[in-house]
Amino acid sequence: RAQERVFNFAAGPATLPETVLRRAQSELHVWRGSGMSVMEMSHRGKEFKSIIEKAESDLRTLLQIPSEYSVLFLQGGATTQFAAVPLNLCSPADAVDYIITGSWSDKAFKEAQKFSKPTIIWSGKPEKYTKVPSFEALQQNPDAKYLHICANETIHGVEYKNYPTPKNPNAVLVADMSSNFCSKPVDVSKFGVIYAGAQKNVGPSGVTIVIIRNDLIGHAQESTPIMLDYKIHAENNSLYNTPPCYGIYMCGLVFEDLLEQGGLGEVEKKNVKKAEVLYNTIDGSNGFYKCPVEKSVRSLMNVPFTLEKPELEGEFIKEAAKENMVQLKGHRSVGGMRASIYNAMPLAGVQKLVAFMKDFQARHA
Ligand code: PLP
């Protein structure tokens with residue numbers, strides 16, 4: 001019982017594939033004949049070099065990343081990228097556009113105010129962050145250097161199903177993909193920069209992945225700290241300073257696992273199925289459960305829902321935990337419940353959750 005795994009519905013750090021954890025366990029104290037753990041290796045040695053190169057190459061295969069893009073394995077979380085993006089892509093006087101679909105794009109916008117002149121060109125706040133704008137109606141700034149979006153709002157459960165194009169032909173689309181990274185195929189060539197913290201879909205916290213078109217590298221503002229300058233990291237293959245070696249190794253194991261599953265097309269099919277099972281249960285509950293997000297932009301990864309009787313929330317969480325389903329409490333800013341069903345959440349976990357939800361409803365309706 002003490003060794004039993006639960007179904008972990010946390011938004012991040014989040015559940016990892018059990019196969020990956022077991023593989024890591026088997027290699028924990030000695031990595032493949034190297035005589036030491038990955039945690040003990042020099043980041044400049046040939047063993048670690050092979051680990052980071054394999055991780056990058058597998059990620060390139062998964063996302064079919066074009067050769068004119070660099071892949072960086074960084075630290076500081078996606079939050080650091082909120083500053084790194086404006087610092088690298090524009091001057092302090094430059095206009096940049098932000099679409100606000102939830103708390104995370106709002107945080108990115110606020111940080112950008114320190115390093116550029118950002119404009120909110122659309123905000124879903126009046127509708128409590130339940131929508132994505134219609135792209136035709138967007139009033140983009142013709143001089144904006146980039147258009148920033150959060151591809152999946154982890155807290156509000158709003159996910160873009162396709163992407164806007166910057167109006168200025170010289171501008172690029174920048175996306176925070178922290179919470180739907182590698183959950184489905186993405187046409188990387190539509191973006192100038194994609195960034196993501198690893199701790200939802202692809203590894204432990206501590207690794208931040210940046211995918212950036214090469215011509216955007218090398219234009220950082222003069223005051224940019226060296227650790228935020230994409231050029232430094234690109235020129236040094238993410239080894240300018242000591243990288244989060246063990247985390248990168250873990251991401252590499254996850255990438256291998258995703259490839260073994262048949263790649264992101266197959267992964268997406270599984271994610272669509274899981275999300276359908278859960279949303280259908282919510283929508284079929286006669287209002288006992290409700291998801292406020294507009295159907296066309298509901299997230300495949302983070303499913304927020306409320307109970308018709310909010311006084312039952314505590315009971316719901318407690319009973320679910322007794323059945324080994326944990327971390328279902330919604331974010332404190334929105335309340336209710338949230339089930340995060342990232343790549344590593346098996347269909348069985350979602351099926352168990354919906355069986356519990358139906359039973360809970362039958363007992364409390
Ligand atoms: N962006 C999104 C969409 C997130 O979900 C999160 C974290 O949950 C962040 C940014 C912040 O990431 P980090 O904690 O890695 O800085």
# chains A, B, ... in the order shown; residues from 1 in each chain; ligands from 1
call {"tool": "closest_atom_pairs", "arguments": {"of": "chain A", "to": "ligand 1", "cutoff": "9 Å", "atoms": "only C-alpha atoms and all ligand atoms", "output": "CSV"}}
result
residue,atom,partner,partner_atom_place_in_ligand_line,distance
A:Ala11,CA,ligand 1,8 (O),6.8
A:Gly12,CA,ligand 1,8 (O),6.0
A:Pro13,CA,ligand 1,8 (O),8.1
A:Gln75,CA,ligand 1,15 (O),8.6
A:Gly76,CA,ligand 1,16 (O),6.4
A:Gly77,CA,ligand 1,15 (O),3.3
A:Ala78,CA,ligand 1,16 (O),4.0
A:Thr79,CA,ligand 1,16 (O),3.7
A:Thr80,CA,ligand 1,16 (O),6.3
A:Gln81,CA,ligand 1,16 (O),8.0
A:Phe82,CA,ligand 1,10 (C),8.2
A:Gly102,CA,ligand 1,3 (C),8.9
A:Ser103,CA,ligand 1,3 (C),8.3
A:Trp104,CA,ligand 1,1 (N),5.1
A:Ser105,CA,ligand 1,1 (N),7.3
A:Lys107,CA,ligand 1,10 (C),8.2
A:Ala108,CA,ligand 1,10 (C),8.0
A:Cys150,CA,ligand 1,3 (C),6.1
A:Ala151,CA,ligand 1,3 (C),7.5
A:Asn152,CA,ligand 1,3 (C),6.0
A:Glu153,CA,ligand 1,3 (C),5.2
A:Thr154,CA,ligand 1,5 (O),4.6
A:Ile155,CA,ligand 1,5 (O),7.1
A:Asp176,CA,ligand 1,1 (N),5.9
A:Met177,CA,ligand 1,3 (C),6.2
A:Ser178,CA,ligand 1,3 (C),4.8
A:Ser179,CA,ligand 1,5 (O),5.2
A:Asn180,CA,ligand 1,3 (C),8.1
A:Tyr195,CA,ligand 1,1 (N),8.9
A:Ala196,CA,ligand 1,1 (N),7.2
A:Gly197,CA,ligand 1,15 (O),4.4
A:Ala198,CA,ligand 1,15 (O),7.3
A:Gln199,CA,ligand 1,15 (O),7.1
A:Lys200,CA,ligand 1,8 (O),7.9
A:Ser205,CA,ligand 1,15 (O),6.8
A:Gly206,CA,ligand 1,15 (O),7.4
A:Val207,CA,ligand 1,15 (O),8.0
A:Thr208,CA,ligand 1,15 (O),6.9
call {"tool": "residues_around", "arguments": {"residues": "A:Ala320", "least_positions_apart": "4", "cutoff": "12 Å", "atoms": "only C-alpha atoms", "output": "ChimeraX atom specification"}}
result
/A:6-9,313-316,324-329,337,339,349,352-360
call {"tool": "residues_around", "arguments": {"residues": "A:Glu27", "least_positions_apart": "4", "cutoff": "12 Å", "atoms": "only C-alpha atoms", "output": "mmCIF file with N, CA and C atoms, in the first residue's frame"}}
result
data_model
loop_
_atom_site.group_PDB
_atom_site.id
_atom_site.type_symbol
_atom_site.label_atom_id
_atom_site.label_comp_id
_atom_site.auth_asym_id
_atom_site.auth_seq_id
_atom_site.Cartn_x
_atom_site.Cartn_y
_atom_site.Cartn_z
ATOM 1 N N VAL A 20 8.552 5.408 -17.638
ATOM 2 C CA VAL A 20 9.709 6.317 -17.587
ATOM 3 C C VAL A 20 10.312 6.328 -16.179
ATOM 4 N N LEU A 21 9.450 6.362 -15.180
ATOM 5 C CA LEU A 21 9.949 6.389 -13.795
ATOM 6 C C LEU A 21 10.717 5.092 -13.488
ATOM 7 N N ARG A 22 10.191 3.993 -13.965
ATOM 8 C CA ARG A 22 10.863 2.712 -13.700
ATOM 9 C C ARG A 22 12.193 2.621 -14.442
ATOM 10 N N ARG A 23 12.198 3.132 -15.640
ATOM 11 C CA ARG A 23 13.449 3.143 -16.400
ATOM 12 C C ARG A 23 14.485 4.003 -15.668
ATOM 13 N N TRP A 31 24.481 4.911 -14.698
ATOM 14 C CA TRP A 31 23.877 5.098 -16.015
ATOM 15 C C TRP A 31 24.697 4.363 -17.072
ATOM 16 N N ARG A 32 24.112 3.313 -17.595
ATOM 17 C CA ARG A 32 24.633 2.589 -18.760
ATOM 18 C C ARG A 32 26.167 2.489 -18.839
ATOM 19 N N GLY A 33 26.746 1.853 -17.853
ATOM 20 C CA GLY A 33 28.178 1.566 -17.925
ATOM 21 C C GLY A 33 29.082 2.768 -17.689
ATOM 22 N N SER A 34 28.499 3.896 -17.294
ATOM 23 C CA SER A 34 29.334 5.082 -17.076
ATOM 24 C C SER A 34 29.983 5.066 -15.694
ATOM 25 N N GLY A 35 29.498 4.175 -14.826
ATOM 26 C CA GLY A 35 30.056 4.091 -13.476
ATOM 27 C C GLY A 35 29.469 5.110 -12.520
ATOM 28 N N MET A 36 28.530 5.905 -12.987
ATOM 29 C CA MET A 36 27.943 6.919 -12.090
ATOM 30 C C MET A 36 26.519 7.277 -12.524
ATOM 31 N N SER A 37 25.844 7.991 -11.614
ATOM 32 C CA SER A 37 24.500 8.460 -11.897
ATOM 33 C C SER A 37 24.565 9.669 -12.835
ATOM 34 N N VAL A 38 23.493 9.882 -13.587
ATOM 35 C CA VAL A 38 23.430 11.084 -14.434
ATOM 36 C C VAL A 38 23.608 12.338 -13.571
ATOM 37 N N MET A 39 23.141 12.268 -12.322
ATOM 38 C CA MET A 39 23.251 13.424 -11.422
ATOM 39 C C MET A 39 24.688 13.777 -11.082
ATOM 40 N N TYR A 246 19.903 16.306 -14.778
ATOM 41 C CA TYR A 246 19.020 15.169 -14.529
ATOM 42 C C TYR A 246 17.640 15.399 -15.153
ATOM 43 N N TYR A 249 17.814 14.696 -18.797
ATOM 44 C CA TYR A 249 17.812 13.238 -18.990
ATOM 45 C C TYR A 249 16.379 12.690 -18.897
ATOM 46 N N MET A 250 15.631 13.157 -17.890
ATOM 47 C CA MET A 250 14.246 12.682 -17.726
ATOM 48 C C MET A 250 13.380 13.088 -18.925
ATOM 49 N N LEU A 253 13.944 10.718 -21.652
ATOM 50 C CA LEU A 253 13.212 9.441 -21.500
ATOM 51 C C LEU A 253 11.753 9.611 -21.917
#
call {"tool": "select_by_dssp", "arguments": {"residues": "stretch 158-322 of chain A", "states": "strand (DSSP E)", "output": "list in words"}}
result
Val158, Glu159, Val172, Leu173, Val174, Ala175, Asp176, Val193, Ile194, Tyr195, Ala196, Gly197, Thr208, Ile209, Val210, Ile211, Ile212, Arg213, Tyr289, Lys290, Asn302, Val303, Pro304, Phe305, Thr306 and Leu307 of chain A
call {"tool": "residues_around", "arguments": {"residues": "A:Arg338", "least_positions_apart": "5", "cutoff": "7 Å", "atoms": "only C-alpha atoms", "output": "MDAnalysis selection string"}}
result
chainID A and resid 302:305 328:330
call {"tool": "residues_around", "arguments": {"residues": "A:Gly265", "least_positions_apart": "2", "cutoff": "7 Å", "atoms": "only C-alpha atoms", "output": "list in words"}}
result
Lys184, Pro185, Gly263, Val267, Glu268 and Lys269 of chain A
call {"tool": "write_last_selection", "arguments": {"atoms": "N, CA and C atoms", "output": "short mmCIF file (atom, residue, chain, number, x, y, z; two decimals), in the first residue's frame"}}
result
data_model
loop_
_atom_site.label_atom_id
_atom_site.label_comp_id
_atom_site.auth_asym_id
_atom_site.auth_seq_id
_atom_site.Cartn_x
_atom_site.Cartn_y
_atom_site.Cartn_z
N LYS A 184 0.19 17.21 -28.81
CA LYS A 184 -0.39 17.05 -30.15
C LYS A 184 0.62 17.60 -31.15
N PRO A 185 0.46 17.28 -32.43
CA PRO A 185 1.39 17.86 -33.41
C PRO A 185 1.19 19.37 -33.50
N GLY A 263 4.43 8.66 -31.79
CA GLY A 263 4.57 10.09 -32.09
C GLY A 263 3.35 10.88 -31.64
N VAL A 267 -0.42 10.35 -29.77
CA VAL A 267 -0.60 10.92 -28.43
C VAL A 267 -1.85 11.81 -28.41
N GLU A 268 -2.01 12.59 -29.47
CA GLU A 268 -3.19 13.47 -29.55
C GLU A 268 -4.50 12.66 -29.54
N LYS A 269 -4.51 11.54 -30.29
CA LYS A 269 -5.73 10.71 -30.31
C LYS A 269 -6.10 10.28 -28.90
#
call {"tool": "atom_distance", "arguments": {"atom1": "atom CA of A:Phe73", "atom2": "atom CA of A:Ala112"}}
result
21.7 Å
call {"tool": "atom_distance", "arguments": {"atom1": "atom CA of A:Lys274", "atom2": "atom CA of A:Arg298"}}
result
12.7 Å
call {"tool": "decode", "arguments": {"residues": "stretch 171-322 of chain A", "atoms": "C-alpha atoms", "output": "mmCIF file, in the first residue's frame"}}
result
data_model
loop_
_atom_site.group_PDB
_atom_site.id
_atom_site.type_symbol
_atom_site.label_atom_id
_atom_site.label_comp_id
_atom_site.auth_asym_id
_atom_site.auth_seq_id
_atom_site.Cartn_x
_atom_site.Cartn_y
_atom_site.Cartn_z
ATOM 1 C CA ALA A 171 6.485 40.114 -36.767
ATOM 2 C CA VAL A 172 6.445 36.614 -35.318
ATOM 3 C CA LEU A 173 4.006 34.595 -33.256
ATOM 4 C CA VAL A 174 5.313 33.685 -29.790
ATOM 5 C CA ALA A 175 3.584 31.007 -27.720
ATOM 6 C CA ASP A 176 3.750 29.848 -24.152
ATOM 7 C CA MET A 177 3.044 26.136 -24.616
ATOM 8 C CA SER A 178 3.903 25.101 -21.076
ATOM 9 C CA SER A 179 0.774 23.096 -20.484
ATOM 10 C CA ASN A 180 0.132 21.548 -23.885
ATOM 11 C CA PHE A 181 3.675 21.045 -25.122
ATOM 12 C CA CYS A 182 4.024 17.727 -26.980
ATOM 13 C CA SER A 183 0.364 16.881 -26.416
ATOM 14 C CA LYS A 184 -0.390 17.046 -30.151
ATOM 15 C CA PRO A 185 1.391 17.858 -33.407
ATOM 16 C CA VAL A 186 2.201 21.548 -33.907
ATOM 17 C CA ASP A 187 3.392 23.316 -37.041
ATOM 18 C CA VAL A 188 6.505 24.886 -35.530
ATOM 19 C CA SER A 189 7.115 26.964 -38.655
ATOM 20 C CA LYS A 190 4.115 29.147 -37.743
ATOM 21 C CA PHE A 191 5.982 30.405 -34.665
ATOM 22 C CA GLY A 192 9.029 32.539 -33.997
ATOM 23 C CA VAL A 193 9.385 31.268 -30.442
ATOM 24 C CA ILE A 194 7.719 28.443 -28.523
ATOM 25 C CA TYR A 195 8.559 28.045 -24.863
ATOM 26 C CA ALA A 196 7.438 25.589 -22.211
ATOM 27 C CA GLY A 197 8.245 24.532 -18.703
ATOM 28 C CA ALA A 198 8.771 20.768 -18.709
ATOM 29 C CA GLN A 199 6.809 19.880 -15.615
ATOM 30 C CA LYS A 200 3.422 19.170 -17.169
ATOM 31 C CA ASN A 201 3.923 16.916 -20.155
ATOM 32 C CA VAL A 202 7.602 16.185 -20.635
ATOM 33 C CA GLY A 203 9.580 15.919 -17.423
ATOM 34 C CA PRO A 204 10.306 17.250 -13.955
ATOM 35 C CA SER A 205 10.335 20.943 -13.093
ATOM 36 C CA GLY A 206 13.655 22.681 -13.566
ATOM 37 C CA VAL A 207 13.880 22.390 -17.340
ATOM 38 C CA THR A 208 12.442 25.011 -19.672
ATOM 39 C CA ILE A 209 12.443 24.307 -23.378
ATOM 40 C CA VAL A 210 12.714 27.108 -25.927
ATOM 41 C CA ILE A 211 12.319 26.524 -29.657
ATOM 42 C CA ILE A 212 13.377 29.607 -31.594
ATOM 43 C CA ARG A 213 13.860 30.527 -35.233
ATOM 44 C CA ASN A 214 17.558 31.207 -35.721
ATOM 45 C CA ASP A 215 17.258 34.667 -37.273
ATOM 46 C CA LEU A 216 15.625 35.882 -34.038
ATOM 47 C CA ILE A 217 18.733 35.021 -32.049
ATOM 48 C CA GLY A 218 21.435 37.626 -31.458
ATOM 49 C CA HIS A 219 19.375 40.803 -31.050
ATOM 50 C CA ALA A 220 19.023 40.956 -27.270
ATOM 51 C CA GLN A 221 18.708 44.318 -25.525
ATOM 52 C CA GLU A 222 22.046 45.528 -24.167
ATOM 53 C CA SER A 223 21.057 45.132 -20.551
ATOM 54 C CA THR A 224 19.918 41.514 -21.013
ATOM 55 C CA PRO A 225 21.402 39.287 -18.307
ATOM 56 C CA ILE A 226 23.683 36.695 -19.838
ATOM 57 C CA MET A 227 21.421 33.865 -18.631
ATOM 58 C CA LEU A 228 18.485 35.318 -20.548
ATOM 59 C CA ASP A 229 20.324 35.846 -23.825
ATOM 60 C CA TYR A 230 19.234 33.211 -26.345
ATOM 61 C CA LYS A 231 22.472 33.750 -28.322
ATOM 62 C CA ILE A 232 24.623 32.628 -25.401
ATOM 63 C CA HIS A 233 22.624 29.440 -24.964
ATOM 64 C CA ALA A 234 22.346 28.701 -28.681
ATOM 65 C CA GLU A 235 26.095 29.151 -29.252
ATOM 66 C CA ASN A 236 26.872 26.883 -26.319
ATOM 67 C CA ASN A 237 24.308 24.166 -27.105
ATOM 68 C CA SER A 238 22.552 24.884 -23.784
ATOM 69 C CA LEU A 239 25.828 24.190 -21.927
ATOM 70 C CA TYR A 240 26.977 27.753 -21.197
ATOM 71 C CA ASN A 241 26.637 27.054 -17.490
ATOM 72 C CA THR A 242 25.613 23.908 -15.629
ATOM 73 C CA PRO A 243 22.264 22.873 -17.080
ATOM 74 C CA PRO A 244 19.588 20.913 -15.178
ATOM 75 C CA CYS A 245 21.266 17.665 -16.250
ATOM 76 C CA TYR A 246 19.020 15.169 -14.529
ATOM 77 C CA GLY A 247 15.867 16.939 -15.663
ATOM 78 C CA ILE A 248 17.090 16.970 -19.261
ATOM 79 C CA TYR A 249 17.812 13.238 -18.990
ATOM 80 C CA MET A 250 14.246 12.682 -17.726
ATOM 81 C CA CYS A 251 12.804 14.758 -20.590
ATOM 82 C CA GLY A 252 14.833 12.570 -22.945
ATOM 83 C CA LEU A 253 13.212 9.441 -21.500
ATOM 84 C CA VAL A 254 9.768 10.999 -21.956
ATOM 85 C CA PHE A 255 10.553 11.912 -25.586
ATOM 86 C CA GLU A 256 11.620 8.302 -26.240
ATOM 87 C CA ASP A 257 8.381 7.116 -24.684
ATOM 88 C CA LEU A 258 6.301 9.477 -26.859
ATOM 89 C CA LEU A 259 8.098 8.240 -29.974
ATOM 90 C CA GLU A 260 7.488 4.634 -28.932
ATOM 91 C CA GLN A 261 3.784 5.450 -28.644
ATOM 92 C CA GLY A 262 3.865 6.361 -32.330
ATOM 93 C CA GLY A 263 4.567 10.092 -32.093
ATOM 94 C CA LEU A 264 2.388 13.101 -31.333
ATOM 95 C CA GLY A 265 -0.418 12.164 -33.743
ATOM 96 C CA GLU A 266 -1.061 9.029 -31.684
ATOM 97 C CA VAL A 267 -0.600 10.920 -28.427
ATOM 98 C CA GLU A 268 -3.190 13.469 -29.549
ATOM 99 C CA LYS A 269 -5.730 10.714 -30.314
ATOM 100 C CA LYS A 270 -5.376 9.416 -26.763
ATOM 101 C CA ASN A 271 -5.680 12.921 -25.326
ATOM 102 C CA VAL A 272 -8.818 13.642 -27.379
ATOM 103 C CA LYS A 273 -10.396 10.409 -26.161
ATOM 104 C CA LYS A 274 -9.621 11.146 -22.497
ATOM 105 C CA ALA A 275 -10.948 14.703 -22.736
ATOM 106 C CA GLU A 276 -14.131 13.509 -24.482
ATOM 107 C CA VAL A 277 -14.875 11.024 -21.726
ATOM 108 C CA LEU A 278 -14.529 13.722 -19.083
ATOM 109 C CA TYR A 279 -16.338 16.586 -20.869
ATOM 110 C CA ASN A 280 -19.187 14.243 -21.871
ATOM 111 C CA THR A 281 -19.664 13.311 -18.237
ATOM 112 C CA ILE A 282 -19.718 16.968 -17.192
ATOM 113 C CA ASP A 283 -22.113 17.985 -19.977
ATOM 114 C CA GLY A 284 -24.332 14.957 -19.382
ATOM 115 C CA SER A 285 -24.755 15.592 -15.661
ATOM 116 C CA ASN A 286 -27.889 17.763 -15.939
ATOM 117 C CA GLY A 287 -26.019 20.693 -14.484
ATOM 118 C CA PHE A 288 -24.642 18.856 -11.449
ATOM 119 C CA TYR A 289 -21.184 19.506 -12.941
ATOM 120 C CA LYS A 290 -20.458 22.472 -15.206
ATOM 121 C CA CYS A 291 -17.491 23.510 -17.339
ATOM 122 C CA PRO A 292 -17.675 27.244 -18.076
ATOM 123 C CA VAL A 293 -15.340 27.173 -21.093
ATOM 124 C CA GLU A 294 -16.780 27.612 -24.586
ATOM 125 C CA LYS A 295 -16.922 24.159 -26.163
ATOM 126 C CA SER A 296 -14.798 24.942 -29.210
ATOM 127 C CA VAL A 297 -11.776 25.971 -27.120
ATOM 128 C CA ARG A 298 -11.927 23.553 -24.225
ATOM 129 C CA SER A 299 -8.509 22.316 -23.221
ATOM 130 C CA LEU A 300 -7.478 18.714 -23.799
ATOM 131 C CA MET A 301 -5.135 19.054 -20.848
ATOM 132 C CA ASN A 302 -6.800 20.995 -18.023
ATOM 133 C CA VAL A 303 -10.490 20.491 -17.354
ATOM 134 C CA PRO A 304 -11.970 22.951 -14.869
ATOM 135 C CA PHE A 305 -15.460 22.248 -13.589
ATOM 136 C CA THR A 306 -17.751 23.438 -10.842
ATOM 137 C CA LEU A 307 -20.342 21.669 -8.742
ATOM 138 C CA GLU A 308 -23.926 22.879 -8.766
ATOM 139 C CA LYS A 309 -23.720 22.693 -4.983
ATOM 140 C CA PRO A 310 -20.373 24.283 -4.108
ATOM 141 C CA GLU A 311 -20.785 23.193 -0.491
ATOM 142 C CA LEU A 312 -20.051 19.631 -1.696
ATOM 143 C CA GLU A 313 -16.605 20.505 -3.052
ATOM 144 C CA GLY A 314 -14.729 19.534 0.092
ATOM 145 C CA GLU A 315 -16.545 16.219 0.236
ATOM 146 C CA PHE A 316 -15.807 15.556 -3.445
ATOM 147 C CA ILE A 317 -12.083 16.138 -2.954
ATOM 148 C CA LYS A 318 -11.963 14.030 0.190
ATOM 149 C CA GLU A 319 -13.836 11.068 -1.261
ATOM 150 C CA ALA A 320 -11.824 11.158 -4.493
ATOM 151 C CA ALA A 321 -8.585 11.115 -2.505
ATOM 152 C CA LYS A 322 -9.801 8.065 -0.587
#
